[in-house]
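final29.cif, holding mmCIF, C-alpha atoms and all ligand atoms:
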```cif
data_upload
loop_
_atom_site.label_atom_id
_atom_site.label_comp_id
_atom_site.auth_asym_id
_atom_site.auth_seq_id
_atom_site.Cartn_x
_atom_site.Cartn_y
_atom_site.Cartn_z
CA MET A 168 44.59 32.79 -19.57
CA SER A 169 42.88 34.83 -16.88
CA ILE A 170 44.53 35.76 -13.64
CA ILE A 171 41.96 36.12 -10.89
CA SER A 172 44.21 37.22 -8.09
CA ASP A 173 47.59 36.37 -6.75
CA ASP A 174 49.01 39.80 -6.04
CA ASN A 175 48.37 39.75 -2.29
CA ASP A 176 50.16 36.56 -2.03
CA ILE A 177 53.16 37.69 -3.95
CA LYS A 178 53.40 40.80 -1.79
CA ARG A 179 53.06 38.78 1.39
CA THR A 180 55.66 36.16 0.66
CA THR A 181 58.26 38.63 -0.35
CA GLU A 182 57.75 41.69 1.75
CA LYS A 183 61.32 41.72 2.89
CA ARG A 184 63.05 40.60 -0.24
CA ASN A 185 63.37 42.20 -3.58
CA GLU A 186 66.46 40.58 -4.87
CA ILE A 187 67.01 39.39 -8.35
CA VAL A 188 68.13 35.90 -7.46
CA LYS A 189 65.00 35.10 -5.51
CA PRO A 190 62.28 33.41 -7.49
CA GLU A 191 59.52 35.37 -5.72
CA VAL A 192 59.89 39.11 -5.53
CA ILE A 193 57.50 41.89 -4.66
CA GLU A 194 57.68 43.50 -8.08
CA TYR A 195 56.67 40.30 -9.76
CA ASP A 196 56.67 41.17 -13.44
CA HIS A 197 53.61 39.35 -14.75
CA ASN A 198 53.72 40.97 -18.17
CA PHE A 199 57.32 40.06 -18.77
CA GLU A 200 56.86 36.56 -17.46
CA ASN A 201 53.64 36.00 -19.39
CA SER A 202 55.15 37.30 -22.61
CA ILE A 203 57.91 34.69 -22.56
CA ARG A 204 55.96 31.74 -21.19
CA PRO A 205 56.13 28.74 -23.52
CA LYS A 206 52.70 27.58 -24.68
CA THR A 207 53.46 24.06 -25.89
CA PHE A 208 55.24 20.97 -24.56
CA ASP A 209 57.78 21.34 -27.37
CA THR A 210 58.78 24.86 -26.37
CA TYR A 211 58.72 24.10 -22.64
CA ILE A 212 62.33 23.27 -21.77
CA GLY A 213 63.33 20.74 -19.08
CA GLN A 214 61.24 18.50 -16.77
CA SER A 215 61.39 15.93 -19.57
CA ALA A 216 60.14 12.88 -17.63
CA LEU A 217 57.21 14.87 -16.28
CA LYS A 218 56.44 16.27 -19.74
CA GLU A 219 56.28 12.76 -21.21
CA THR A 220 53.76 11.53 -18.64
CA LEU A 221 51.71 14.69 -18.94
CA LYS A 222 51.59 14.42 -22.74
CA ILE A 223 50.11 10.94 -22.35
CA SER A 224 47.57 12.08 -19.77
CA VAL A 225 46.52 14.99 -21.99
CA GLU A 226 46.25 12.77 -25.07
CA ALA A 227 44.18 10.17 -23.18
CA ALA A 228 41.84 12.81 -21.73
CA LYS A 229 41.31 14.27 -25.20
CA LYS A 230 40.57 10.82 -26.67
CA ARG A 231 38.05 10.16 -23.91
CA GLU A 232 36.65 13.63 -24.32
CA GLN A 233 36.89 14.02 -20.56
CA PRO A 234 38.67 16.63 -18.47
CA LEU A 235 42.10 15.73 -17.17
CA ASP A 236 42.33 14.28 -13.63
CA HIS A 237 43.09 16.80 -10.91
CA LEU A 238 46.83 17.47 -10.82
CA LEU A 239 49.20 18.53 -8.05
CA PHE A 240 52.61 20.04 -8.84
CA TYR A 241 55.09 20.53 -6.06
CA GLY A 242 58.64 21.84 -5.82
CA PRO A 243 60.57 25.04 -5.12
CA PRO A 244 59.27 28.35 -6.54
CA GLY A 245 60.19 29.52 -10.04
CA LEU A 246 60.49 26.08 -11.68
CA GLY A 247 57.51 26.53 -13.98
CA LYS A 248 54.45 25.10 -12.21
CA THR A 249 52.16 27.88 -13.47
CA THR A 250 53.78 27.75 -16.92
CA LEU A 251 53.19 24.01 -17.14
CA ALA A 252 49.55 24.45 -16.12
CA GLY A 253 49.24 27.01 -18.96
CA VAL A 254 50.81 24.54 -21.42
CA ILE A 255 48.33 21.85 -20.34
CA ALA A 256 45.40 24.23 -20.84
CA GLU A 257 46.70 25.17 -24.28
CA GLN A 258 47.17 21.52 -25.28
CA MET A 259 43.72 20.59 -23.96
CA GLY A 260 42.29 23.60 -25.80
CA VAL A 261 40.60 24.98 -22.67
CA GLU A 262 40.64 28.15 -20.58
CA ILE A 263 42.62 28.36 -17.36
CA LYS A 264 41.72 30.49 -14.35
CA ILE A 265 44.62 31.27 -12.07
CA THR A 266 44.40 32.13 -8.39
CA SER A 267 46.24 31.42 -5.15
CA ALA A 268 45.08 30.02 -1.81
CA PRO A 269 45.52 33.25 0.20
CA ALA A 270 43.13 34.99 -2.23
CA LEU A 271 40.44 32.43 -1.31
CA GLU A 272 39.96 33.58 2.24
CA ARG A 273 36.15 33.73 2.36
CA PRO A 274 33.84 30.87 1.33
CA ARG A 275 32.34 33.10 -1.34
CA ASP A 276 35.75 33.51 -2.99
CA ILE A 277 36.13 29.83 -3.75
CA ILE A 278 32.41 29.34 -4.44
CA GLY A 279 32.47 32.26 -6.88
CA ILE A 280 35.38 30.83 -8.83
CA LEU A 281 33.96 27.32 -8.92
CA MET A 282 30.62 28.61 -10.16
CA SER A 283 32.31 30.67 -12.87
CA LEU A 284 34.00 27.62 -14.42
CA LYS A 285 32.78 26.23 -17.70
CA GLY A 286 32.94 22.54 -18.68
CA GLY A 287 36.50 21.24 -19.11
CA GLU A 288 38.17 24.39 -17.81
CA ILE A 289 41.21 24.37 -15.58
CA LEU A 290 41.34 26.03 -12.19
CA PHE A 291 44.91 26.66 -11.03
CA ILE A 292 45.41 27.29 -7.31
CA ASP A 293 48.91 28.34 -6.31
CA GLU A 294 50.22 27.72 -2.78
CA ILE A 295 47.37 25.30 -2.30
CA HIS A 296 48.78 24.13 1.05
CA ARG A 297 47.63 27.49 2.44
CA LEU A 298 43.91 26.92 1.80
CA ASN A 299 41.86 27.33 4.95
CA LYS A 300 39.74 24.47 6.32
CA ILE A 301 36.43 25.90 5.06
CA ALA A 302 37.74 26.42 1.51
CA GLU A 303 39.17 22.87 1.58
CA GLU A 304 35.83 21.44 2.62
CA ILE A 305 34.07 23.29 -0.16
CA LEU A 306 36.63 21.85 -2.59
CA TYR A 307 36.21 18.18 -1.59
CA PRO A 308 32.77 17.55 -3.20
CA ALA A 309 33.71 19.93 -6.03
CA MET A 310 36.76 17.81 -6.87
CA GLU A 311 35.15 14.45 -6.24
CA ASP A 312 31.59 14.78 -7.51
CA PHE A 313 31.67 18.14 -9.34
CA SER A 314 29.14 19.61 -6.95
CA LEU A 315 28.84 22.24 -4.25
CA ASP A 316 27.15 21.49 -0.95
CA MET A 317 25.36 24.66 0.14
CA THR A 318 23.38 25.15 3.34
CA THR A 319 20.29 27.35 3.65
CA GLY A 320 18.19 28.37 6.64
CA LYS A 321 19.10 28.45 10.33
CA SER A 322 19.46 25.87 13.15
CA GLN A 323 16.43 23.49 12.99
CA THR A 324 15.41 24.53 9.50
CA VAL A 325 18.86 24.17 7.96
CA LYS A 326 18.83 22.39 4.62
CA THR A 327 21.68 21.16 2.49
CA LEU A 328 21.49 21.83 -1.19
CA ARG A 329 23.66 20.08 -3.74
CA VAL A 330 24.51 22.34 -6.67
CA PRO A 331 26.04 20.64 -9.70
CA LEU A 332 29.18 22.09 -11.24
CA PRO A 333 30.56 21.52 -14.71
CA LYS A 334 33.38 18.99 -14.88
CA PHE A 335 36.68 20.80 -14.44
CA THR A 336 40.33 20.08 -13.66
CA LEU A 337 41.97 21.49 -10.57
CA ILE A 338 45.71 22.03 -10.84
CA GLY A 339 47.21 22.73 -7.43
CA ALA A 340 50.75 24.00 -6.95
CA THR A 341 52.73 24.01 -3.76
CA THR A 342 56.25 24.47 -2.52
CA LYS A 343 55.39 22.19 0.39
CA ALA A 344 53.65 18.96 -0.51
CA GLY A 345 54.04 17.79 3.10
CA ALA A 346 51.95 20.70 4.36
CA LEU A 347 48.91 19.63 2.35
CA SER A 348 46.20 17.91 4.38
CA GLY A 349 45.86 14.17 3.66
CA PRO A 350 42.25 14.36 2.43
CA LEU A 351 43.12 17.13 -0.03
CA ARG A 352 46.23 15.36 -1.33
CA ASP A 353 44.22 12.14 -1.83
CA ARG A 354 41.81 13.90 -4.16
CA PHE A 355 44.51 14.57 -6.77
CA GLY A 356 44.74 11.85 -9.42
CA ILE A 357 48.19 12.92 -10.61
CA ILE A 358 50.95 14.21 -8.30
CA HIS A 359 54.30 15.38 -9.67
CA ARG A 360 57.43 17.00 -8.37
CA LEU A 361 59.29 19.61 -10.44
CA GLU A 362 63.06 19.37 -10.37
CA PHE A 363 65.77 22.03 -10.51
CA TYR A 364 67.06 22.60 -14.08
CA SER A 365 70.50 21.61 -15.32
CA GLU A 366 72.92 24.24 -16.62
CA ASP A 367 72.30 23.08 -20.21
CA GLU A 368 68.53 23.35 -19.81
CA LEU A 369 68.82 26.81 -18.28
CA ALA A 370 71.16 27.92 -21.08
CA GLN A 371 68.40 26.90 -23.53
CA VAL A 372 65.86 28.90 -21.51
CA VAL A 373 68.23 31.91 -21.56
CA LYS A 374 68.74 31.68 -25.34
CA ARG A 375 65.01 31.31 -25.96
CA THR A 376 64.22 34.36 -23.80
CA ALA A 377 67.03 36.40 -25.38
CA GLY A 378 65.62 35.48 -28.81
CA ILE A 379 62.12 36.65 -27.85
CA LEU A 380 63.53 39.92 -26.44
CA ASN A 381 65.84 40.45 -29.45
CA ILE A 382 68.95 40.29 -27.31
CA ASP A 383 72.18 39.16 -28.93
CA ILE A 384 73.90 36.49 -26.79
CA THR A 385 76.73 34.01 -27.29
CA GLU A 386 76.56 30.35 -26.25
CA GLU A 387 79.12 31.04 -23.50
CA GLY A 388 77.18 34.10 -22.36
CA ALA A 389 74.03 31.96 -22.03
CA HIS A 390 75.93 29.37 -20.00
CA ALA A 391 77.45 32.05 -17.74
CA ILE A 392 73.93 33.24 -16.86
CA ALA A 393 72.61 29.68 -16.56
CA ARG A 394 75.37 28.71 -14.10
CA ARG A 395 74.36 31.44 -11.69
CA SER A 396 70.59 30.95 -11.91
CA ARG A 397 70.22 28.44 -9.04
CA GLY A 398 68.61 25.85 -11.29
CA THR A 399 65.57 28.13 -11.69
CA PRO A 400 64.22 29.45 -15.03
CA ARG A 401 62.43 32.40 -13.41
CA ILE A 402 65.79 33.60 -12.09
CA ALA A 403 67.53 32.93 -15.42
CA ASN A 404 64.95 35.06 -17.21
CA ARG A 405 65.37 37.95 -14.79
CA LEU A 406 69.14 37.77 -15.10
CA VAL A 407 68.89 37.93 -18.90
CA LYS A 408 67.24 41.34 -18.54
CA ARG A 409 69.72 42.66 -15.97
CA VAL A 410 72.77 41.44 -17.89
CA SER A 411 71.32 42.84 -21.10
CA ASP A 412 71.01 46.28 -19.45
CA TYR A 413 74.66 46.08 -18.45
CA ALA A 414 75.72 44.93 -21.93
CA LEU A 415 73.86 47.85 -23.48
CA VAL A 416 75.30 50.49 -21.17
CA LYS A 417 78.87 49.21 -20.87
CA HIS A 418 79.35 47.55 -24.25
CA ASP A 419 77.53 47.15 -27.56
CA GLY A 420 74.49 45.29 -26.20
CA LYS A 421 75.77 41.80 -26.98
CA ILE A 422 75.95 39.38 -24.03
CA THR A 423 79.27 37.55 -24.04
CA GLU A 424 80.68 35.36 -21.27
CA ASP A 425 82.87 38.22 -20.05
CA ILE A 426 79.99 40.73 -20.00
CA ALA A 427 77.70 38.24 -18.23
CA ASN A 428 80.32 37.46 -15.58
CA LYS A 429 81.14 41.13 -14.96
CA SER A 430 77.48 42.05 -14.68
CA LEU A 431 76.69 39.16 -12.33
CA ASP A 432 79.70 40.03 -10.17
CA ILE A 433 78.31 43.54 -9.77
CA LEU A 434 74.96 42.03 -8.78
CA LYS A 435 76.90 40.03 -6.14
CA ILE A 436 75.66 36.74 -7.48
CA ASP A 437 78.45 34.24 -7.08
CA ASN A 438 79.37 31.32 -9.30
CA PHE A 439 76.92 29.06 -7.44
CA GLY A 440 74.12 31.60 -7.90
CA LEU A 441 74.17 32.55 -4.21
CA ASP A 442 73.37 36.11 -3.17
CA ASN A 443 74.20 38.05 0.01
CA THR A 444 71.35 36.49 1.99
CA ASP A 445 72.44 32.95 1.19
CA ARG A 446 76.02 33.74 2.10
CA SER A 447 74.95 35.49 5.32
CA LEU A 448 72.91 32.45 6.27
CA LEU A 449 75.82 30.06 5.78
CA ASN A 450 78.35 32.42 7.42
CA LEU A 451 76.06 32.94 10.40
CA ILE A 452 75.80 29.19 11.04
CA ILE A 453 79.58 28.91 10.81
CA ASP A 454 80.39 31.96 12.95
CA LYS A 455 77.75 31.74 15.63
CA TYR A 456 76.86 28.07 15.79
CA ASN A 457 80.09 26.37 14.91
CA GLY A 458 78.67 25.24 11.57
CA GLY A 459 75.44 23.88 13.13
CA PRO A 460 73.19 22.11 13.68
CA VAL A 461 70.99 25.07 14.53
CA GLY A 462 67.20 25.51 14.37
CA ILE A 463 65.59 27.38 11.48
CA GLU A 464 63.84 29.87 13.82
CA THR A 465 67.16 30.86 15.32
CA ILE A 466 68.70 31.38 11.87
CA ALA A 467 65.70 33.40 10.66
CA ALA A 468 65.78 35.72 13.69
CA ALA A 469 69.52 36.23 13.40
CA ILE A 470 69.52 37.21 9.71
CA GLY A 471 66.21 39.11 9.85
CA GLU A 472 64.29 36.91 7.41
CA ASP A 473 61.04 35.09 7.97
CA VAL A 474 61.17 31.35 8.46
CA ARG A 475 59.00 30.69 5.41
CA THR A 476 61.24 32.65 3.05
CA ILE A 477 64.21 30.67 4.28
CA GLU A 478 62.42 27.33 4.08
CA ASP A 479 60.73 27.89 0.72
CA VAL A 480 63.14 30.13 -1.16
CA CYS A 481 66.74 29.99 0.15
CA GLU A 482 67.01 26.51 1.56
CA PRO A 483 65.86 24.21 -1.25
CA TYR A 484 68.68 25.34 -3.51
CA LEU A 485 71.33 25.36 -0.76
CA LEU A 486 70.31 21.78 0.11
CA GLN A 487 70.26 20.67 -3.51
CA ALA A 488 73.65 22.29 -4.16
CA GLY A 489 74.99 20.33 -1.16
CA LEU A 490 76.06 23.48 0.71
CA LEU A 491 73.64 22.99 3.59
CA GLN A 492 72.42 19.83 5.31
CA ARG A 493 69.18 19.22 7.19
CA THR A 494 69.55 17.08 10.31
CA PRO A 495 67.00 16.18 13.01
CA ARG A 496 68.68 18.77 15.26
CA GLY A 497 68.67 21.61 12.72
CA ARG A 498 70.64 22.95 9.75
CA LYS A 499 74.36 22.34 9.26
CA VAL A 500 76.82 23.82 6.79
CA SER A 501 78.34 20.97 4.76
CA PRO A 502 82.06 20.62 3.96
CA ALA A 503 81.18 21.83 0.43
CA GLY A 504 79.54 24.90 2.00
CA TYR A 505 82.72 25.71 3.91
CA LYS A 506 84.76 25.24 0.76
CA HIS A 507 82.50 27.46 -1.30
CA LEU A 508 82.75 30.28 1.25
CA LYS A 509 86.50 29.71 1.53
CA ARG A 510 86.12 28.95 5.22
CA GLU A 511 88.13 26.38 7.09
CA MET A 512 86.60 23.65 9.25
CA PHE A 513 88.21 23.06 12.62
CA ASP A 514 87.46 20.04 14.76
CA ASN A 515 87.71 22.09 17.94
CA GLY A 516 84.84 24.28 16.87
CA GLN A 517 86.86 27.27 15.65
CA GLN A 518 86.66 28.47 12.07
CA ASN A 519 88.69 31.07 10.32
CA LEU A 520 88.91 32.73 7.02
CA PHE A 521 91.75 31.24 4.98
N1 LIG B 1 60.55 30.10 -19.19
C1 LIG B 1 60.32 29.73 -17.93
N2 LIG B 1 60.32 28.39 -17.81
C2 LIG B 1 60.55 27.90 -19.03
C3 LIG B 1 60.69 26.60 -19.54
N3 LIG B 1 60.60 25.53 -18.76
N4 LIG B 1 60.92 26.46 -20.84
C4 LIG B 1 61.04 27.54 -21.61
N5 LIG B 1 60.95 28.79 -21.20
C5 LIG B 1 60.71 28.98 -19.90
#
```
Same coordinates, now as C-alpha cells:
Amino acid sequence: MSIISDDNDIKRTTEKRNEIVKPEVIEYDHNFENSIRPKTFDTYIGQSALKETLKISVEAAKKREQPLDHLLFYGPPGLGKTTLAGVIAEQMGVEIKITSAPALERPRDIIGILMSLKGGEILFIDEIHRLNKIAEEILYPAMEDFSLDMTTGKSQTVKTLRVPLPKFTLIGATTKAGALSGPLRDRFGIIHRLEFYSEDELAQVVKRTAGILNIDITEEGAHAIARRSRGTPRIANRLVKRVSDYALVKHDGKITEDIANKSLDILKIDNFGLDNTDRSLLNLIIDKYNGGPVGIETIAAAIGEDVRTIEDVCEPYLLQAGLLQRTPRGRKVSPAGYKHLKREMFDNGQQNLF
C-alpha cells in the first residue's frame, strides 16, 4: 500500500481539535493505524451487508479478469473506508495508491497519479467531494474510457491529444455524498454507505487490536471501551491505547471494566462516548437557543469550531444517537439529549439543571 499524500488534509480538517474521541485528529497515527488494519474480509469486522456484496463484486471481477468497477464509499469519518479499500486491493491481489482530494490541487497532481497507475491497480481518493472542477474534468474520461485528454499548443493551434491509461479502479471516499457533483457520482458503478458499528462489533475490534498489541483485556473491559467509542472503530482503537496506558500506570496492565471506566471518566468521555465539545454544543443550544432550532453557523461561531468539523465529525453521531435533531430551521436538542445531559425541558422556554 503506498500513501501518496493526505497529510495536508488531515492537518486542515483538524486544526482546532486534537481530542481522542474525534475520528480525525492532527496527530493522525498512520503507523499505528496501518499496523492494525485488517487485510481480509474475514478479519474486517462489521459492515456485514456491504462486505457480502463486495465479496461478490471482487469474485466476479477476478473471474472476468477485469478490474473492479469504480466504487464510492460514503459515511462519517473513522468507519473504515480506507481500510475496506485496502482489503479490496488485497483480495484483488493489486496495489493501491492512496491520496486525498485536497492533495490534487494542480492538474499535474492528478495527471501524475493517473499516469503512474499500472493495469488493475486501485486509486483511492479520500474526501473526493473536495476535488476541484479541473481535477474532476480530468477524471471523467479517465474513469469512463481509461484515457487522458491533453491539450497542446495555443489558441488557434490548440490540439487535443488522447492518451490511453491502463484500466484501473477508482475508489472514492466521502463524508458527504450529497456534496459530490452529479456527473462524478454517476461515474461510480458501485456506491455504498458505511454504517456506525454496534457495541458488539466494536468490542470485537477492541479485542482484536488488544491482541495485536499484546494487551490483556477482559470481555467486560472490551465492552466498556466499545460503549464509549461513538460507533467508530478508529476511536475504539485509540481508546484501547489510552486505557492501556492507564491500566499499566495505575494497575497491573490488564484492562478490566473498572479500569476502562475509570480511565474513560478521566478522559471526560461519557457513557454515550460524548466529549466536552459535544456536550458544549448541546448545552449551548439549550442555554442560548431554548433547545433550538438554531443554524449550524451560529452554533459553530458560539463554540469556536468550524462548521465542517461540526457537520462531519460531531453531528453524525449526535444525530444517530438521537440526541440532536436536524430540522429545516436548524438543529434542535431532542428529549433524549436533554435527558442525557440531565437537563429539564420546560414548555415556556426555560431550562434548568435538575
Ligand atoms: N480496525 C479498524 N476497523 C476495523 C474493522 N472494521 N475490523 C477490524 N479491525 C478494524
Mind giving me the straight-line distance from atom CA of A:Leu451 to atom CA of A:Ala488 in Å, one decimal? 18.2 Å
Have a look at atom CA of A:Leu347 and atom CA of A:Thr476 and let me know their distance in Å, one decimal.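 Those two atoms sit 17.9 Å apart.
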Distance filter 10 Å around ligand LIG 1 (chain B), atoms: all atoms listed in the file, out as number ranges by chain: A: 200-215, 245-251, 364, 368-369, 371-376, 399-404
Nearest to A:Met282, restricted to all atoms listed in the file and choosing among A:Asp316, A:Glu304, A:Ala270, A:Leu332, comes out as A:Leu332
Work out how far apart atom CA of A:Tyr456 and atom CA of A:Glu472 are and give it in Å to one decimal.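 Spanning atom CA of A:Tyr456 to atom CA of A:Glu472 is a straight-line distance of 17.5 Å.
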Compare A:Arg510, A:Arg498, A:Arg475, A:Arg231 by their minimum atom-to-atom distance to A:Leu448, counting only C-alpha atoms, and give me the closest one.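 Looking only at the distances to A:Leu448, the closest residue turns out to be A:Arg498.
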At a cut-off of 9 Å, using only C-alpha atoms, what residues contact A:Val330? Leave out same-chain residues fewer than 2 positions from it and give the result as a ChimeraX atom specification. /A:313-317,328,332
Enumerate, as a list in words, the protein, DNA and RNA residues whose atoms approach (60.2, 28.1, -3.8) to within 6 Å, taking into account all atoms listed in the file and the coordinate frame of the file. Pro243, Pro244, Thr342, Asp479 and Val480 of chain A
Those residues with C-alpha atoms, as a compact mmCIF listing (two decimals), in the coordinates of the input please?
```
# COMPACT_ATOMS: atom_id res chain seq x y z
CA PRO A 243 60.57 25.04 -5.12
CA PRO A 244 59.27 28.35 -6.54
CA THR A 342 56.25 24.47 -2.52
CA ASP A 479 60.73 27.89 0.72
CA VAL A 480 63.14 30.13 -1.16
```
Which of A:Gly339, A:Asp293, A:Asp383, A:Ile470 sits closest to A:His418 [using all atoms listed in the file]: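 Of the candidates, the smallest distance to A:His418 is held by A:Asp383.
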List the spatial neighbours of stretch 463-465 of chain A as a VMD selection string - criterion: any atom at most 9 Å away, only C-alpha atoms, same-chain residues fewer than 2 positions off excluded. chain A and resid 461 467 to 470 473 to 474 477 to 478 497 to 498
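Shortest separation to A:Ile305 among A:Asp276, A:Asp425, A:Asp437, A:Glu511 occurs at residue A:Asp276, atoms counted being only C-alpha atoms.
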Rank nothing, just name the residue among A:Thr341, A:Ser283, A:Gln487, A:Asn457 nearest to A:Phe240, using all atoms listed in the file.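 Checking each candidate against A:Phe240, we get A:Thr341 as the closest.
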Using only C-alpha atoms, which residues sit within 10 Å of A:Ser348 once same-chain residues fewer than 4 positions away are excluded, as a short mmCIF file (atom, residue, chain, number, x, y, z; two decimals) with C-alpha atoms, in the coordinates of the input?
```cif
data_model
loop_
_atom_site.label_atom_id
_atom_site.label_comp_id
_atom_site.auth_asym_id
_atom_site.auth_seq_id
_atom_site.Cartn_x
_atom_site.Cartn_y
_atom_site.Cartn_z
CA HIS A 296 48.78 24.13 1.05
CA ARG A 297 47.63 27.49 2.44
CA LEU A 298 43.91 26.92 1.80
CA LYS A 300 39.74 24.47 6.32
CA GLU A 303 39.17 22.87 1.58
CA ALA A 344 53.65 18.96 -0.51
CA ARG A 352 46.23 15.36 -1.33
CA ASP A 353 44.22 12.14 -1.83
#
```
Around (79.0, 21.1, -3.9) in the file's frame, which residues reach within 12 Å when counting all atoms listed in the file? Return as a ChimeraX atom specification? /A:438-439,484-492,500-508
To test the calculation: enclose all listed atoms of stretch 257-265 of chain A in a box whose edges run along x, y and z, add 6 Å on each side, then state centre and edge lengths in Å to one decimal, as AutoDock Vina command-line options.
```
--center_x 43.9 --center_y 25.9 --center_z -18.9 --size_x 18.6 --size_y 22.7 --size_z 25.7
```
Would you mind listing what lies within 10 Å of A:Lys334 as JSON, numbers by chain, with all atoms listed in the file counted and same-chain residues fewer than 6 positions away left out? {"A": [233, 234, 235, 284, 285, 286, 287, 288, 289, 309, 310, 311, 312, 313, 314]}
Applying 8 Å and only C-alpha atoms, which residues near A:Thr318 remain after dropping the ones on its own chain fewer than 4 positions away? List them as a ChimeraX atom specification. /A:325-328
For A:Lys229, which residue out of A:Val261, A:Ala252, A:Ser411, A:Gly242 is the nearest one, using all atoms listed in the file? A:Val261
